[in-house]
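Data from model-v8.cif: mmCIF, C-alpha atoms
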```
data_entry
loop_
_atom_site.group_PDB
_atom_site.id
_atom_site.type_symbol
_atom_site.label_atom_id
_atom_site.label_comp_id
_atom_site.auth_asym_id
_atom_site.auth_seq_id
_atom_site.Cartn_x
_atom_site.Cartn_y
_atom_site.Cartn_z
ATOM 1 C CA GLN A 542 -85.932 11.415 -4.267
ATOM 2 C CA ALA A 543 -87.068 14.151 -1.907
ATOM 3 C CA ALA A 544 -85.714 17.611 -2.222
ATOM 4 C CA PRO A 545 -83.477 18.788 0.587
ATOM 5 C CA PRO A 546 -85.212 21.007 3.117
ATOM 6 C CA PRO A 547 -84.866 24.678 2.421
ATOM 7 C CA ARG A 548 -81.850 26.207 4.072
ATOM 8 C CA ILE A 549 -82.729 28.415 7.000
ATOM 9 C CA ALA A 550 -80.689 31.537 6.982
ATOM 10 C CA ALA A 551 -78.781 32.086 10.216
ATOM 11 C CA GLN A 552 -79.935 35.068 12.128
ATOM 12 C CA ARG A 553 -77.338 37.708 11.980
ATOM 13 C CA GLU A 554 -76.273 39.571 15.100
ATOM 14 C CA PRO A 555 -77.008 43.274 14.599
ATOM 15 C CA PHE A 556 -73.535 44.373 15.781
ATOM 16 C CA PRO A 557 -71.192 41.337 15.679
ATOM 17 C CA HIS A 558 -68.119 43.320 16.684
ATOM 18 C CA CYS A 559 -69.610 44.164 20.116
ATOM 19 C CA ARG A 560 -69.665 41.199 22.418
ATOM 20 C CA CYS A 561 -69.834 42.727 25.860
ATOM 21 C CA ALA A 562 -71.608 45.563 27.554
ATOM 22 C CA VAL A 563 -68.415 47.169 28.814
ATOM 23 C CA ARG A 564 -66.938 47.410 25.305
ATOM 24 C CA ALA A 565 -70.247 48.799 24.080
ATOM 25 C CA TRP A 566 -70.259 51.373 26.842
ATOM 26 C CA HIS A 567 -66.618 52.445 26.332
ATOM 27 C CA LYS A 568 -66.509 52.654 22.562
ATOM 28 C CA GLY A 569 -70.105 53.711 21.969
ATOM 29 C CA ARG A 570 -70.520 51.336 19.017
ATOM 30 C CA CYS A 571 -73.382 49.130 20.203
ATOM 31 C CA HIS A 572 -76.718 50.559 21.101
ATOM 32 C CA SER A 573 -78.686 47.384 21.642
ATOM 33 C CA VAL A 574 -81.115 47.255 24.519
ATOM 34 C CA GLY A 575 -79.663 43.959 25.766
ATOM 35 C CA ASN A 576 -76.186 45.388 26.223
ATOM 36 C CA MET A 577 -77.543 48.436 27.997
ATOM 37 C CA ALA A 578 -79.656 46.247 30.280
ATOM 38 C CA ARG A 579 -76.597 44.185 31.249
ATOM 39 C CA LEU A 580 -74.698 47.358 31.996
ATOM 40 C CA LEU A 581 -77.462 48.729 34.201
ATOM 41 C CA ARG A 582 -77.776 45.443 36.115
ATOM 42 C CA PHE A 583 -74.155 45.764 37.290
ATOM 43 C CA PRO A 584 -74.807 48.277 40.138
ATOM 44 C CA GLY A 585 -77.757 46.205 41.281
ATOM 45 C CA GLY A 586 -75.511 43.144 41.402
ATOM 46 C CA ILE A 587 -72.992 45.008 43.546
ATOM 47 C CA ARG A 588 -75.727 46.089 45.948
ATOM 48 C CA GLU A 589 -76.993 42.482 46.216
ATOM 49 C CA TRP A 590 -73.435 41.232 46.754
ATOM 50 C CA TYR A 591 -72.839 43.826 49.487
ATOM 51 C CA ASN A 592 -76.115 42.966 51.262
ATOM 52 C CA ASP A 593 -75.087 39.294 51.399
ATOM 53 C CA LEU A 594 -71.838 40.108 53.249
ATOM 54 C CA SER A 595 -71.450 39.612 56.977
ATOM 55 C CA VAL A 596 -70.873 42.591 59.287
ATOM 56 C CA GLY A 597 -67.122 41.896 59.421
ATOM 57 C CA GLU A 598 -66.872 41.657 55.638
ATOM 58 C CA LYS A 599 -68.807 44.904 55.242
ATOM 59 C CA GLY A 600 -66.377 46.550 57.656
ATOM 60 C CA LEU A 601 -63.442 45.265 55.624
ATOM 61 C CA VAL A 602 -64.959 46.619 52.391
ATOM 62 C CA SER A 603 -65.624 49.981 54.069
ATOM 63 C CA MET A 604 -62.061 50.097 55.375
ATOM 64 C CA CYS A 605 -60.659 49.377 51.894
ATOM 65 C CA LEU A 606 -62.823 52.071 50.328
ATOM 66 C CA GLY A 607 -61.726 54.476 53.060
ATOM 67 C CA MET A 608 -58.053 53.718 52.397
ATOM 68 C CA ILE A 609 -58.496 54.293 48.678
ATOM 69 C CA GLY A 610 -60.407 57.538 49.254
ATOM 70 C CA GLY A 611 -57.895 58.699 51.890
ATOM 71 C CA THR A 612 -54.986 57.956 49.587
ATOM 72 C CA ALA A 613 -56.570 59.936 46.773
ATOM 73 C CA TYR A 614 -57.376 62.882 49.052
ATOM 74 C CA GLY A 615 -53.954 62.804 50.744
ATOM 75 C CA THR A 616 -52.199 62.779 47.380
ATOM 76 C CA TYR A 617 -54.247 65.775 46.270
ATOM 77 C CA VAL A 618 -53.444 67.727 49.464
ATOM 78 C CA ARG A 619 -49.737 66.834 49.344
ATOM 79 C CA ARG A 620 -49.397 67.912 45.731
ATOM 80 C CA TYR A 621 -51.099 71.193 46.556
ATOM 81 C CA GLN A 622 -48.694 71.810 49.456
ATOM 82 C CA PHE A 623 -45.583 71.031 47.429
ATOM 83 C CA LYS A 624 -46.314 73.395 44.571
ATOM 84 C CA THR A 625 -43.363 75.667 44.039
ATOM 85 C CA ALA A 626 -44.062 78.905 45.819
ATOM 86 C CA GLN A 627 -43.196 82.040 43.890
ATOM 87 C CA SER A 628 -40.929 84.298 45.923
ATOM 88 C CA ASP A 629 -41.072 87.830 44.645
ATOM 89 C CA PHE A 630 -39.153 90.114 47.008
ATOM 90 C CA LEU A 631 -35.366 90.280 46.720
ATOM 91 C CA VAL A 632 -33.286 92.537 48.962
ATOM 92 C CA ALA A 633 -29.820 93.348 47.617
ATOM 93 C CA THR A 634 -27.466 94.931 50.152
ATOM 94 C CA MET A 635 -24.008 96.293 49.354
ATOM 95 C CA TYR A 636 -21.496 96.599 52.198
ATOM 96 C CA THR A 637 -18.350 98.718 52.273
ATOM 97 C CA VAL A 638 -16.034 97.488 55.023
ATOM 98 C CA PRO A 639 -12.661 98.875 56.134
ATOM 99 C CA GLU A 640 -9.903 96.255 55.945
ATOM 100 C CA GLU A 641 -9.268 96.310 59.714
ATOM 101 C CA LYS A 642 -12.960 95.705 60.573
ATOM 102 C CA LYS A 643 -13.477 92.761 58.250
ATOM 103 C CA LYS A 644 -13.627 90.136 61.037
ATOM 104 C CA ALA A 645 -16.065 92.175 63.155
ATOM 105 C CA PHE A 646 -18.285 92.674 60.087
ATOM 106 C CA GLU A 647 -18.360 88.959 59.261
ATOM 107 C CA THR A 648 -19.345 88.130 62.845
ATOM 108 C CA ALA A 649 -22.127 90.734 62.916
ATOM 109 C CA TRP A 650 -23.331 89.706 59.453
ATOM 110 C CA SER A 651 -23.465 86.009 60.476
ATOM 111 C CA ASP A 652 -25.600 86.878 63.510
ATOM 112 C CA ALA A 653 -27.974 88.915 61.338
ATOM 113 C CA ALA A 654 -28.170 86.100 58.764
ATOM 114 C CA ARG A 655 -29.025 83.521 61.441
ATOM 115 C CA LEU A 656 -31.779 85.793 62.750
ATOM 116 C CA ALA A 657 -33.199 86.294 59.243
ATOM 117 C CA GLN A 658 -33.214 82.531 58.639
ATOM 118 C CA ARG A 659 -35.598 82.042 61.565
ATOM 119 C CA GLN A 660 -38.118 84.606 60.296
ATOM 120 C CA PRO A 661 -41.379 83.620 58.589
ATOM 121 C CA GLY A 662 -41.204 84.228 54.858
ATOM 122 C CA TYR A 663 -37.411 83.913 54.617
ATOM 123 C CA GLU A 664 -36.303 81.964 51.531
ATOM 124 C CA TRP A 665 -32.529 82.134 51.045
ATOM 125 C CA THR A 666 -29.424 84.327 51.201
ATOM 126 C CA LYS A 667 -26.427 84.510 48.871
ATOM 127 C CA THR A 668 -23.490 86.708 49.796
ATOM 128 C CA TYR A 669 -20.499 87.456 47.596
ATOM 129 C CA LYS A 670 -17.134 88.896 48.643
ATOM 130 C CA SER A 671 -15.101 91.129 46.345
ATOM 131 C CA LEU A 672 -11.907 89.630 44.954
ATOM 132 C CA ASP A 673 -10.460 93.051 44.143
ATOM 133 C CA TRP A 674 -10.770 94.724 47.549
ATOM 134 C CA GLU A 675 -9.089 98.051 46.729
ATOM 135 C CA ASP A 676 -10.806 98.831 43.404
ATOM 136 C CA SER A 677 -14.312 97.554 44.157
ATOM 137 C CA PRO A 678 -17.085 100.098 44.899
ATOM 138 C CA PHE A 679 -18.349 97.753 47.627
ATOM 139 C CA HIS A 680 -16.715 94.788 49.352
ATOM 140 C CA TYR A 681 -19.656 92.463 49.997
ATOM 141 C CA VAL A 682 -22.983 92.110 48.233
ATOM 142 C CA SER A 683 -25.774 90.084 49.766
ATOM 143 C CA PHE A 684 -28.959 88.897 48.068
ATOM 144 C CA ARG A 685 -31.757 87.816 50.399
ATOM 145 C CA MET A 686 -35.030 86.443 49.027
ATOM 146 C CA TRP A 687 -38.303 86.793 50.912
ATOM 147 C CA ASN A 688 -41.622 85.305 49.873
ATOM 148 C CA GLU A 689 -43.275 88.736 50.035
ATOM 149 C CA GLU A 690 -42.591 92.290 51.127
ATOM 150 C CA SER A 691 -44.656 92.021 54.315
ATOM 151 C CA SER A 692 -42.381 89.267 55.676
ATOM 152 C CA PHE A 693 -39.313 91.467 55.269
ATOM 153 C CA SER A 694 -41.094 94.566 56.615
ATOM 154 C CA ARG A 695 -42.277 92.676 59.704
ATOM 155 C CA MET A 696 -38.697 91.819 60.642
ATOM 156 C CA LEU A 697 -37.394 95.274 59.744
ATOM 157 C CA LYS A 698 -39.977 97.189 61.805
ATOM 158 C CA PHE A 699 -40.843 94.964 64.738
ATOM 159 C CA ASP A 700 -37.838 92.771 65.576
ATOM 160 C CA THR A 701 -35.764 94.443 68.306
ATOM 161 C CA THR A 702 -32.910 91.972 67.868
ATOM 162 C CA TRP A 703 -32.657 92.907 64.188
ATOM 163 C CA LYS A 704 -32.475 96.588 65.111
ATOM 164 C CA GLU A 705 -29.690 95.891 67.590
ATOM 165 C CA LEU A 706 -27.732 93.853 65.023
ATOM 166 C CA GLN A 707 -28.112 96.674 62.493
ATOM 167 C CA LYS A 708 -26.569 99.084 65.036
ATOM 168 C CA ARG A 709 -23.620 96.717 65.435
ATOM 169 C CA MET A 710 -23.202 96.504 61.673
ATOM 170 C CA ALA A 711 -23.355 100.282 61.293
ATOM 171 C CA GLU A 712 -20.293 100.515 63.568
ATOM 172 C CA VAL A 713 -18.169 98.341 61.255
ATOM 173 C CA CYS A 714 -19.462 99.122 57.744
ATOM 174 C CA THR A 715 -21.635 101.265 55.546
ATOM 175 C CA GLN A 716 -24.493 99.523 53.790
ATOM 176 C CA THR A 717 -26.916 100.321 51.006
ATOM 177 C CA SER A 718 -30.009 98.202 50.392
ATOM 178 C CA THR A 719 -32.202 98.021 47.329
ATOM 179 C CA THR A 720 -35.291 95.888 46.807
ATOM 180 C CA TYR A 721 -36.256 94.068 43.641
ATOM 181 C CA ARG A 722 -39.254 92.118 42.421
ATOM 182 C CA VAL A 723 -38.941 89.099 40.155
ATOM 183 C CA VAL A 724 -40.110 89.859 36.636
ATOM 184 C CA VAL A 725 -38.960 86.693 34.851
ATOM 185 C CA ASP A 726 -37.520 83.528 36.388
ATOM 186 C CA ASP A 727 -37.028 80.596 34.043
ATOM 187 C CA SER A 728 -34.303 78.856 36.050
ATOM 188 C CA VAL A 729 -36.611 76.553 38.043
ATOM 189 C CA ARG A 730 -38.725 75.675 34.987
ATOM 190 C CA ARG A 731 -35.608 74.902 32.953
ATOM 191 C CA ILE A 732 -34.219 72.595 35.654
ATOM 192 C CA ILE A 733 -37.505 70.699 36.083
ATOM 193 C CA GLU A 734 -38.183 70.244 32.376
#
```

Using the file provided, produce a representation of the structure as structure tokens.
Amino acid sequence: QAAPPPRIAAQREPFPHCRCAVRAWHKGRCHSVGNMARLLRFPGGIREWYNDLSVGEKGLVSMCLGMIGGTAYGTYVRRYQFKTAQSDFLVATMYTVPEEKKKAFETAWSDAARLAQRQPGYEWTKTYKSLDWEDSPFHYVSFRMWNEESSFSRMLKFDTTWKELQKRMAEVCTQTSTTYRVVVDDSVRRIIE
């Protein structure tokens, strides 16, 4: 009886865990020349595919790429525009108003507030009225935030309507203003997080 033929050992794959070029490229495990060649043929295949398209199909591909690029760019620009701006110039004004001129003061103050709201750089205003009118050192306190000092100074120096409204207010009250800069503000960060 003849001896069985010698068993031929199966050729072993050098890196059996890597089966595709993409996995080899992402994980960096396989370094075989065949996988790298397949990976480098991919752009050439895309170019050949694109050259085989008709003019209308090429236009459609270009339009899709343009939409994707425009969406990415538009998202970047929009996120840049919506970053929270840091306002750093707070004007605190204390008003002392005689009881009989309270209504005239509130009218003049409302006109001044509406004018300030239309100015570039205006952020917000908060005004508080004293609950203890007789014993309070001032009757109203107003906090007005501007994005920077130059915005407030522009209105203060160059707006003739503001100057006229300040004359009207001087007739009904005495006011003292102080400016502040923000040193620490964790309120916005705390709300967002």

Quote the spacing between CA of Tyr636 in chain A and CA of Glu664 in chain A in Å to one decimal place. 20.8 Å

Given the file shown, enumerate the residues that the PyMOL selection byres ((chain A and resi 629) around 6) captures and present them as a PyMOL selection string. chain A and resi 628+630+688-689+722-723

Could you save the residues just selected, with C-alpha atoms, as a PDB file, keeping the file's coordinate frame?
```
ATOM      1  CA  SER A 628     -40.929  84.298  45.923  1.00  0.00           C
ATOM      2  CA  PHE A 630     -39.153  90.114  47.008  1.00  0.00           C
ATOM      3  CA  ASN A 688     -41.622  85.305  49.873  1.00  0.00           C
ATOM      4  CA  GLU A 689     -43.275  88.736  50.035  1.00  0.00           C
ATOM      5  CA  ARG A 722     -39.254  92.118  42.421  1.00  0.00           C
ATOM      6  CA  VAL A 723     -38.941  89.099  40.155  1.00  0.00           C
TER       7      VAL A 723
END
```

Quick one: contact table of range 601-661 of chain A to range 669-673 of chain A, 12 Å max, nearest atom pair and distance in Å to one decimal per residue, counting only C-alpha atoms, chain and number order, as a Markdown table?
```
| residue | atom | partner | partner_atom | distance |
| --- | --- | --- | --- | --- |
| A:Ala633 | CA | A:Tyr669 | CA | 11.0 |
| A:Thr634 | CA | A:Tyr669 | CA | 10.5 |
| A:Met635 | CA | A:Tyr669 | CA | 9.7 |
| A:Tyr636 | CA | A:Lys670 | CA | 9.5 |
| A:Thr637 | CA | A:Ser671 | CA | 10.2 |
| A:Val638 | CA | A:Lys670 | CA | 10.8 |
| A:Lys643 | CA | A:Lys670 | CA | 11.0 |
| A:Glu647 | CA | A:Lys670 | CA | 10.7 |
```

Given the PyMOL selection byres ((chain A and resi 712) around 12) and the file above, list the residues it selects as an mmCIF file with C-alpha atoms, in the frame of the given file.
```cif
data_model
loop_
_atom_site.group_PDB
_atom_site.id
_atom_site.type_symbol
_atom_site.label_atom_id
_atom_site.label_comp_id
_atom_site.auth_asym_id
_atom_site.auth_seq_id
_atom_site.Cartn_x
_atom_site.Cartn_y
_atom_site.Cartn_z
ATOM 1 C CA THR A 637 -18.350 98.718 52.273
ATOM 2 C CA VAL A 638 -16.034 97.488 55.023
ATOM 3 C CA PRO A 639 -12.661 98.875 56.134
ATOM 4 C CA LYS A 642 -12.960 95.705 60.573
ATOM 5 C CA LYS A 643 -13.477 92.761 58.250
ATOM 6 C CA ALA A 645 -16.065 92.175 63.155
ATOM 7 C CA PHE A 646 -18.285 92.674 60.087
ATOM 8 C CA ALA A 649 -22.127 90.734 62.916
ATOM 9 C CA TRP A 650 -23.331 89.706 59.453
ATOM 10 C CA GLU A 705 -29.690 95.891 67.590
ATOM 11 C CA LEU A 706 -27.732 93.853 65.023
ATOM 12 C CA GLN A 707 -28.112 96.674 62.493
ATOM 13 C CA LYS A 708 -26.569 99.084 65.036
ATOM 14 C CA ARG A 709 -23.620 96.717 65.435
ATOM 15 C CA MET A 710 -23.202 96.504 61.673
ATOM 16 C CA ALA A 711 -23.355 100.282 61.293
ATOM 17 C CA VAL A 713 -18.169 98.341 61.255
ATOM 18 C CA CYS A 714 -19.462 99.122 57.744
ATOM 19 C CA THR A 715 -21.635 101.265 55.546
ATOM 20 C CA GLN A 716 -24.493 99.523 53.790
#
```

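CA of Trp687 in chain A lies 13.6 Å from CA of Leu656 in chain A.
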
Best match for closeness to Ala657 in chain A among A:Val632, A:Met696, A:Val682, A:Leu594, counting all atoms listed in the file: A:Met696

Using all atoms of range 577-584 of chain A listed in the file and a margin of 4 Å per side, can you give the axis-aligned box centre and edge lengths in Å to one decimal, as AutoDock Vina command-line options?
```
--center_x -76.9 --center_y 46.5 --center_z 34.1 --size_x 13.5 --size_y 12.5 --size_z 20.1
```

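Going from CA of Thr717 in chain A to CA of Phe693 in chain A covers 15.8 Å.
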